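my_file_20.cif follows (mmCIF, C-alpha atoms):
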data_data
loop_
_atom_site.label_atom_id
_atom_site.label_comp_id
_atom_site.auth_asym_id
_atom_site.auth_seq_id
_atom_site.Cartn_x
_atom_site.Cartn_y
_atom_site.Cartn_z
CA MET A 1 101.47 194.53 141.47
CA PRO A 2 99.91 191.61 143.37
CA GLU A 3 96.73 192.44 145.22
CA GLN A 4 98.45 191.54 148.47
CA ALA A 5 101.77 190.21 149.63
CA VAL A 6 100.82 186.92 151.23
CA PRO A 7 101.73 183.35 150.30
CA VAL A 8 99.62 181.95 147.49
CA PRO A 9 97.71 178.90 148.77
CA ASP A 10 98.05 175.56 147.09
CA ARG A 11 95.99 174.47 144.14
CA ALA A 12 93.67 172.61 146.46
CA ARG A 13 91.60 175.77 146.38
CA ARG A 14 90.47 174.52 142.97
CA CYS A 15 88.23 172.05 144.82
CA ARG A 16 86.95 174.91 146.98
CA ALA A 17 85.61 172.79 149.83
CA VAL A 18 86.34 174.59 153.05
CA ALA A 19 88.83 172.55 155.06
CA THR A 20 88.49 174.65 158.20
CA SER A 21 86.99 173.40 161.41
CA ALA A 22 83.63 171.70 161.11
CA LEU A 23 83.44 171.56 164.88
CA VAL A 24 85.44 174.12 166.87
CA GLY A 25 85.68 174.43 170.61
CA GLY A 26 82.58 172.34 171.21
CA ALA A 27 80.42 174.55 169.03
CA ALA A 28 76.99 173.20 168.22
CA VAL A 29 76.62 171.25 165.00
CA LEU A 30 74.87 173.36 162.40
CA ALA A 31 71.40 172.15 161.55
CA PRO A 32 70.25 171.86 157.96
CA ALA A 33 67.78 174.42 156.68
CA PRO A 34 64.06 173.70 156.55
CA ALA A 35 62.63 171.93 153.54
CA LEU A 36 62.75 174.23 150.52
CA ALA A 37 60.22 174.50 147.75
CA GLU A 38 61.25 172.49 144.71
CA VAL A 39 59.32 173.27 141.54
CA ALA A 40 59.43 171.11 138.44
CA ALA A 41 60.95 172.82 135.41
CA PRO A 42 61.69 171.86 131.81
CA ALA A 43 64.87 169.91 131.22
CA PRO A 44 68.12 171.86 130.84
CA GLU A 45 69.54 172.41 127.35
CA VAL A 46 73.22 172.60 126.46
CA ARG A 47 73.89 175.86 124.63
CA CYS A 48 77.51 175.09 123.71
CA SER A 49 80.72 173.72 125.20
CA ILE A 50 83.77 175.67 126.30
CA THR A 51 87.02 174.17 125.01
CA ASP A 52 89.42 177.11 125.26
CA PRO A 53 92.34 176.20 127.58
CA ARG A 54 92.25 179.72 129.04
CA LEU A 55 88.99 178.74 130.74
CA ALA A 56 89.93 175.32 132.06
CA GLU A 57 89.08 176.44 135.60
CA LEU A 58 85.90 178.34 134.91
CA SER A 59 84.46 179.92 138.05
CA GLY A 60 82.14 182.73 136.94
CA LEU A 61 79.64 183.55 134.17
CA VAL A 62 77.39 186.47 133.29
CA ASP A 63 75.09 186.36 130.27
CA VAL A 64 74.89 189.88 128.82
CA GLY A 65 72.99 189.04 125.63
CA GLU A 66 75.26 188.85 122.59
CA GLN A 67 78.06 187.48 124.73
CA VAL A 68 78.55 185.47 127.88
CA LEU A 69 81.30 186.83 130.09
CA ALA A 70 83.49 184.13 131.63
CA LEU A 71 86.06 184.18 134.43
CA ASN A 72 88.86 181.68 134.89
CA ASP A 73 89.97 180.78 138.39
CA GLY A 74 93.62 181.81 138.43
CA GLY A 75 96.13 183.64 136.28
CA GLU A 76 98.51 186.52 136.86
CA GLN A 77 96.17 189.29 135.79
CA VAL A 78 92.47 190.03 135.97
CA ALA A 79 90.93 188.73 132.73
CA VAL A 80 87.29 188.47 131.67
CA HIS A 81 86.61 186.52 128.47
CA GLY A 82 83.71 187.20 126.14
CA LEU A 83 82.13 184.12 124.57
CA ASP A 84 79.96 184.02 121.48
CA SER A 85 77.01 181.70 120.92
CA SER A 86 79.36 178.80 120.13
CA CYS A 87 81.36 179.33 123.35
CA ALA A 88 84.39 180.59 121.41
CA VAL A 89 86.41 183.39 123.04
CA VAL A 90 85.91 186.54 120.95
CA ASP A 91 87.01 189.21 123.42
CA VAL A 92 89.19 189.56 126.52
CA ARG A 93 89.09 192.45 128.97
CA THR A 94 91.96 192.76 131.40
CA ALA A 95 93.20 194.85 134.29
CA ALA A 96 96.81 195.25 135.38
CA ALA A 97 96.38 193.53 138.74
CA ASP A 98 97.56 190.12 139.89
CA PRO A 99 94.52 188.47 141.51
CA PHE A 100 94.83 186.10 144.43
CA ASP A 101 91.89 183.80 143.71
CA PRO A 102 89.13 185.20 141.44
CA GLU A 103 85.86 183.35 141.92
CA ASP A 104 82.78 185.13 140.61
CA LEU A 105 81.48 187.85 138.29
CA GLY A 106 78.79 190.49 138.38
CA VAL A 107 77.73 193.25 135.97
CA ALA A 108 76.41 196.57 137.24
CA PRO A 109 73.66 198.54 135.46
CA ASP A 110 76.31 200.92 134.07
CA GLY A 111 78.08 198.02 132.35
CA SER A 112 80.96 197.77 134.80
CA VAL A 113 82.18 194.22 135.29
CA TRP A 114 82.94 193.23 138.88
CA VAL A 115 85.44 190.44 139.52
CA ALA A 116 85.17 188.94 142.99
CA ASP A 117 88.70 187.99 144.05
CA ILE A 118 87.46 186.32 147.21
CA GLY A 119 88.68 182.72 147.22
CA ASP A 120 90.72 181.66 150.24
CA ASN A 121 90.74 177.91 150.69
CA GLY A 122 93.54 178.18 153.24
CA THR A 123 91.86 181.07 155.11
CA VAL A 124 95.11 183.03 155.14
CA ARG A 125 94.18 186.29 153.42
CA PRO A 126 94.24 189.54 155.41
CA THR A 127 92.05 191.11 152.71
CA VAL A 128 89.88 190.05 149.79
CA ALA A 129 89.27 192.21 146.74
CA LEU A 130 86.78 193.40 144.16
CA HIS A 131 88.17 194.44 140.78
CA VAL A 132 85.93 196.68 138.69
CA LEU A 133 86.42 196.88 134.90
CA ARG A 134 84.63 200.02 133.71
CA PRO A 135 83.16 200.47 130.22
CA ASP A 136 85.71 203.23 129.46
CA GLY A 137 88.59 200.78 129.88
CA THR A 138 89.72 201.95 133.32
CA ALA A 139 89.74 199.72 136.38
CA ALA A 140 89.38 200.01 140.13
CA LEU A 141 90.56 197.82 143.00
CA HIS A 142 88.65 197.67 146.28
CA ARG A 143 90.11 195.72 149.20
CA LEU A 144 87.88 194.38 151.97
CA THR A 145 88.42 192.88 155.42
CA TYR A 146 86.15 190.48 157.28
CA PRO A 147 85.13 191.44 160.83
CA ASP A 148 85.55 187.90 162.15
CA GLY A 149 88.65 186.45 160.52
CA ALA A 150 89.39 185.05 157.07
CA HIS A 151 86.74 183.16 155.09
CA ASP A 152 86.70 181.25 151.85
CA ALA A 153 84.01 182.60 149.51
CA GLU A 154 83.02 182.06 145.90
CA ALA A 155 79.71 183.89 145.50
CA LEU A 156 79.09 187.54 144.64
CA LEU A 157 75.61 189.07 144.62
CA LEU A 158 75.80 192.52 143.03
CA ALA A 159 72.59 194.33 143.94
CA PRO A 160 70.93 196.61 141.36
CA ASP A 161 72.01 199.64 143.40
CA GLY A 162 75.65 198.53 143.11
CA THR A 163 76.07 197.12 146.61
CA PRO A 164 78.21 193.95 146.58
CA TYR A 165 77.32 191.07 148.88
CA LEU A 166 79.75 188.19 149.49
CA VAL A 167 78.44 184.77 150.50
CA THR A 168 80.95 182.44 152.13
CA LYS A 169 81.49 178.77 151.39
CA GLU A 170 80.88 176.74 154.52
CA VAL A 171 81.29 173.01 154.81
CA LEU A 172 78.18 172.53 156.97
CA GLY A 173 75.91 174.58 154.72
CA SER A 174 75.47 177.72 156.85
CA SER A 175 77.03 180.55 154.83
CA GLY A 176 77.67 184.08 156.02
CA VAL A 177 76.44 187.07 154.01
CA TYR A 178 78.72 190.14 154.12
CA ARG A 179 78.64 193.62 152.59
CA PRO A 180 80.91 196.67 152.87
CA ALA A 181 80.35 198.66 156.06
CA ALA A 182 81.48 201.88 154.35
CA ALA A 183 81.81 203.34 150.88
CA LEU A 184 84.31 201.49 148.70
CA VAL A 185 87.65 203.21 148.12
CA ASP A 186 89.65 202.74 144.92
CA GLY A 187 93.00 201.38 146.05
CA GLY A 188 91.94 201.42 149.70
CA THR A 189 90.60 198.96 152.23
CA VAL A 190 87.20 199.06 153.93
CA PRO A 191 85.66 196.66 156.46
CA LEU A 192 82.89 194.22 155.74
CA GLU A 193 79.97 193.60 158.06
CA ARG A 194 78.10 190.34 158.48
CA VAL A 195 74.45 190.99 157.69
CA GLY A 196 72.88 187.57 157.34
CA THR A 197 73.11 183.80 157.02
CA VAL A 198 72.00 181.47 154.25
CA ASN A 199 71.35 177.84 155.18
CA VAL A 200 71.26 174.95 152.72
CA THR A 201 70.92 171.25 153.39
CA LEU A 202 71.70 167.89 151.84
CA THR A 203 69.57 167.33 148.75
CA GLY A 204 70.68 164.05 147.21
CA THR A 205 71.55 165.72 143.89
CA PRO A 206 74.73 164.19 142.42
CA GLY A 207 77.76 166.14 141.27
CA GLY A 208 80.88 167.94 142.39
CA PRO A 209 84.35 166.82 143.48
CA VAL A 210 83.67 166.09 147.18
CA GLY A 211 80.66 163.79 147.25
CA ARG A 212 77.65 164.72 149.38
CA ALA A 213 79.46 167.70 150.88
CA GLY A 214 79.12 169.40 147.50
CA GLN A 215 75.40 169.80 148.20
CA LEU A 216 76.26 172.16 151.07
CA LEU A 217 78.97 174.36 149.57
CA VAL A 218 77.95 177.69 147.99
CA THR A 219 80.07 178.10 144.85
CA GLY A 220 78.53 181.01 142.93
CA GLY A 221 75.92 183.75 142.86
CA ALA A 222 73.94 185.77 140.33
CA VAL A 223 71.45 188.64 140.13
CA ALA A 224 69.09 188.94 137.15
CA ALA A 225 69.81 191.93 134.88
CA ASP A 226 66.26 193.22 135.38
CA GLY A 227 66.59 192.94 139.15
CA SER A 228 63.73 190.45 139.44
CA ALA A 229 65.58 187.59 141.14
CA LEU A 230 68.83 186.40 142.62
CA ALA A 231 70.38 182.97 142.85
CA LEU A 232 73.05 181.04 144.72
CA ARG A 233 74.39 177.68 143.65
CA THR A 234 76.22 174.77 145.22
CA TYR A 235 78.09 172.10 143.29
CA THR A 236 74.74 170.40 142.72
CA ASP A 237 71.76 172.74 143.11
CA ALA A 238 70.62 176.31 142.53
CA TYR A 239 68.48 178.33 144.94
CA VAL A 240 66.43 181.15 143.43
CA TRP A 241 64.72 183.99 145.30
CA PRO A 242 62.52 186.80 143.91
CA LEU A 243 64.10 190.22 144.44
CA THR A 244 62.38 193.54 145.03
CA GLY A 245 64.48 196.63 144.35
CA SER A 246 67.91 196.10 145.89
CA ASP A 247 66.67 194.35 149.03
CA VAL A 248 69.04 191.40 148.89
CA LEU A 249 68.64 190.66 152.59
CA GLY A 250 64.86 190.72 152.37
CA ALA A 251 65.03 188.30 149.45
CA LEU A 252 67.37 185.91 151.25
CA ALA A 253 65.06 185.93 154.27
CA GLY A 254 62.36 184.33 152.15
CA GLU A 255 62.08 180.72 151.09
CA PRO A 256 63.94 179.96 147.86
CA VAL A 257 62.97 177.58 145.12
CA ARG A 258 65.56 174.83 144.68
CA VAL A 259 66.53 173.66 141.20
CA ALA A 260 68.61 170.50 140.76
CA LEU A 261 71.41 171.29 138.31
CA PRO A 262 72.91 169.01 135.66
CA GLU A 263 75.58 166.78 137.13
CA SER A 264 79.06 168.21 136.59
CA PRO A 265 82.56 167.59 137.95
CA GLN A 266 83.02 170.98 139.65
CA GLY A 267 80.15 173.37 138.99
CA GLU A 268 80.88 176.89 140.21
CA ALA A 269 79.56 179.27 137.54
CA ILE A 270 75.98 180.57 137.48
CA SER A 271 74.17 183.43 135.75
CA PHE A 272 70.69 184.36 134.73
CA THR A 273 70.06 184.59 131.01
CA ALA A 274 69.97 188.17 129.75
CA ASP A 275 66.15 188.13 129.82
CA GLY A 276 66.03 186.67 133.33
CA GLN A 277 63.94 183.68 132.28
CA ALA A 278 66.50 180.93 132.92
CA LEU A 279 69.77 180.10 134.61
CA VAL A 280 73.07 179.51 132.82
CA VAL A 281 75.51 177.15 134.54
CA ALA A 282 78.87 175.59 133.76
CA SER A 283 81.71 173.70 135.43
CA GLU A 284 85.46 173.66 135.68
CA GLY A 285 87.17 171.21 133.35
CA LEU A 286 87.27 170.95 129.57
CA PRO A 287 85.10 170.58 127.66
CA SER A 288 82.64 172.43 129.87
CA ALA A 289 78.99 172.34 128.83
CA VAL A 290 77.19 175.67 129.19
CA ALA A 291 73.68 174.60 130.14
CA VAL A 292 70.52 176.71 130.18
CA VAL A 293 68.28 175.69 133.07
CA PRO A 294 64.75 177.14 133.05
CA VAL A 295 63.76 179.09 136.16
CA PRO A 296 60.69 177.46 137.69
CA ALA A 297 57.49 179.45 137.44
CA GLY A 298 57.12 179.06 141.21
CA VAL A 299 59.72 181.75 141.79
CA ALA A 300 57.40 184.46 140.54
CA ALA A 301 54.66 183.19 142.82
CA THR A 302 56.83 183.30 145.93
CA SER A 303 56.39 186.51 147.90
CA PRO A 304 59.62 188.10 149.16
CA ALA A 305 60.01 188.57 152.88
CA PRO A 306 59.48 192.09 154.26
CA THR A 307 62.44 194.42 154.03
CA GLY A 308 64.89 193.79 156.85
CA ALA A 309 63.26 190.54 157.94
CA PRO A 310 65.74 188.45 159.99
CA LEU A 311 67.21 185.29 158.56
CA PRO A 312 66.35 182.05 160.38
CA SER A 313 68.47 181.32 163.46
CA LEU A 314 70.08 177.97 164.17
CA ALA A 315 67.87 177.60 167.23
CA GLU A 316 64.76 177.97 165.07
CA LEU A 317 66.01 175.40 162.61
CA THR A 318 67.08 172.69 165.06
CA THR A 319 64.60 169.92 165.80
CA SER A 320 64.94 166.33 166.94
CA SER A 321 63.99 165.15 163.44
CA ASP A 322 67.13 166.85 162.10
CA ARG A 323 69.50 164.41 163.74
CA SER A 324 69.98 162.15 160.75
CA PRO A 325 70.59 165.00 158.27
CA ILE A 326 72.99 166.61 160.75
CA ALA A 327 74.97 163.39 161.12
CA ALA A 328 75.06 163.02 157.35
CA ALA A 329 76.27 166.60 156.99
CA VAL A 330 79.07 166.04 159.49
CA ILE A 331 80.18 162.90 157.65
CA ALA A 332 80.09 164.75 154.34
CA ALA A 333 82.08 167.63 155.86
CA THR A 334 84.72 165.24 157.17
CA VAL A 335 85.09 163.63 153.75
CA ALA A 336 85.40 167.04 152.11
CA THR A 337 88.10 168.08 154.57
CA VAL A 338 90.13 164.93 153.88
CA VAL A 339 89.75 165.35 150.11
CA VAL A 340 90.93 168.95 150.24
CA TRP A 341 93.89 168.06 152.46
CA LEU A 342 95.00 165.27 150.14
CA THR A 343 94.52 167.45 147.08
CA GLY A 344 96.60 170.14 148.69
CA ARG A 345 99.43 167.68 149.22
CA LEU A 346 99.38 166.64 145.58
CA ARG A 347 98.62 169.88 143.75
CA ARG A 348 100.62 173.03 144.38
CA ARG A 349 100.49 176.28 142.49
CA PRO A 350 103.96 177.11 141.08
#

What is this structure when it is put down as structure tokens?
Amino acid sequence: MPEQAVPVPDRARRCRAVATSALVGGAAVLAPAPALAEVAAPAPEVRCSITDPRLAELSGLVDVGEQVLALNDGGEQVAVHGLDSSCAVVDVRTAAADPFDPEDLGVAPDGSVWVADIGDNGTVRPTVALHVLRPDGTAALHRLTYPDGAHDAEALLLAPDGTPYLVTKEVLGSSGVYRPAAALVDGGTVPLERVGTVNVTLTGTPGGPVGRAGQLLVTGGAVAADGSALALRTYTDAYVWPLTGSDVLGALAGEPVRVALPESPQGEAISFTADGQALVVASEGLPSAVAVVPVPAGVAATSPAPTGAPLPSLAELTTSSDRSPIAAAVIAATVATVVVWLTGRLRRRP
């Protein structure tokens, strides 16, 4: 049965830029984040290219060693594809659930694969969902509700202790971080709580379907298998934080290292390599190059913030020198909104 009985939004969600209000009710314009450390790294290398039509709208990756697990954005059942070293599909794991808009993947220490069915370009969903494919072949469905209305999201951070964190996709670069406020219930619904904010800014890195706005939109997340680091990506850049234990919030409170990613038409997928030494990224569209991007050595040298440290507030980030970046962000947001609206008029899911 479908995860929820609500209208399926148009295929404009494939662009994933949030078309909701950039300025609402006179709210203050969001300021870009402070300058982030950018550490030089070796050039990316293309591992292989995905050509299978079942993965034409790739949105999630997890490198588990012998295979790379891949998630397509769409379909009428939950499906996770296993890719070999040549990017050929050699395995498919499914669950008998009709997802609304699957966006990201995570793998727990016990081998369970978590599918984040959290996309909502039209912000119409009363619930979002996490599908869990267990190693024994069984599956679970956990529904979640936001405390402050619907959000579009594409990034899942699955902490080593199994706690899922959702990071929203915001057109002005200030993304909410949410986690369940109670124990997950198979087949039931539990509330989310907002526990933090992640701010990104314009970087000048090219790529993505919506111009400069793509530098602000969080499109995927990953946690290293050894628990040493976590990462978020936009259409153009990756942000990497060192992680201690399962303190995701403490990690996000620190300063990340930014890594410019290879230019791609619609980059949403990100993973760490199985050994945690590099990032693996790919884009929607075929063929899709699976690129290995080395993690800068500077990440290891960056000390994580103390546990429970607060994330920066907008007041702390706003200075008079931010006016030009803010204006640029607003312009980029406006362009993204128009692009999504036009795409929605032209592309509709059957």

Subject >> Shell around His81 (chain A) at 8 Å using only C-alpha atoms, local window under 3 positions removed, as a PyMOL selection string >> reply: chain A and resi 69-71+89-93

**OP:** Translate the PyMOL selection byres ((chain A and resi 226) around 8), as applied to the file shown, into an explicit residue set as a ChimeraX atom specification.
**Re:** /A:224-225,227-228,275-276

Original post:
What does the distance from CA of Pro135 (chain A) to CA of Val113 (chain A) come to in Å, to one decimal?
Top reply: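 Distance between the two atoms: 8.1 Å.
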
Subject >> Which residue of A:Leu141, A:Val124, A:Ala269, A:Cys48 approaches Ala96 (chain A) most closely, using only C-alpha atoms >> reply: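 Closest to Ala96 (chain A), using only C-alpha atoms: A:Leu141.
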
Subject >> Selection: 12 Å around Thr236 (chain A), all atoms listed in the file, excl. self and same-chain fewer than 6 positions, as number ranges by chain >> reply: A: 200-220, 258-270, 281-283

Subject >> Distance in Å - CA of Ser49 (chain A) versus CA of Ser271 (chain A) >> reply: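 Those two atoms sit 15.8 Å apart.
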
Subject >> Nearest-residue call for Arg125 (chain A), choices A:Gly149, A:Gly221, A:Pro44, A:Pro294, using only C-alpha atoms >> reply: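 For Arg125 (chain A), the nearest of the given residues is A:Gly149.
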
**OP:** Please indicate the distance in Å from CA of Thr189 (chain A) to CA of Thr168 (chain A), rounded to one decimal place.
**Re:**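 Atom-to-atom, CA of Thr189 (chain A) and CA of Thr168 (chain A) are spaced 19.1 Å apart.
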
Each residue of region 148-207 of chain A with at least one atom at most 6 Å from region 244-255 of chain A should appear once, together with its nearest atom pair and the corresponding distance in Å (one decimal); atoms considered: all atoms listed in the file; ordering: chain, then increasing residue number; output as a Markdown table.
| residue | atom | partner | partner_atom | distance |
| --- | --- | --- | --- | --- |
| A:Ala159 | CA | A:Ser246 | CA | 5.4 |
| A:Pro160 | CA | A:Ser246 | CA | 5.5 |
| A:Asp161 | CA | A:Ser246 | CA | 6.0 |

**OP:** Have a look at A:Ala140, A:Leu172, A:Ala43, A:Ala238 and name the one nearest to Ala222 (chain A); count all atoms listed in the file.
**Re:**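 Nearest to Ala222 (chain A): A:Ala238.
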
**OP:** Specify as JSON, numbers by chain each residue included when the PyMOL selection byres ((chain A and resi 73) around 7) is applied to this file.
**Re:** {"A": [57, 58, 59, 71, 72, 74, 101, 102, 103]}

Subject >> Residues returned when the PyMOL selection byres ((chain A and resi 177) around 9) runs on this file, as a PyMOL selection string >> reply: chain A and resi 165-168+175-176+178-179+193-198+249
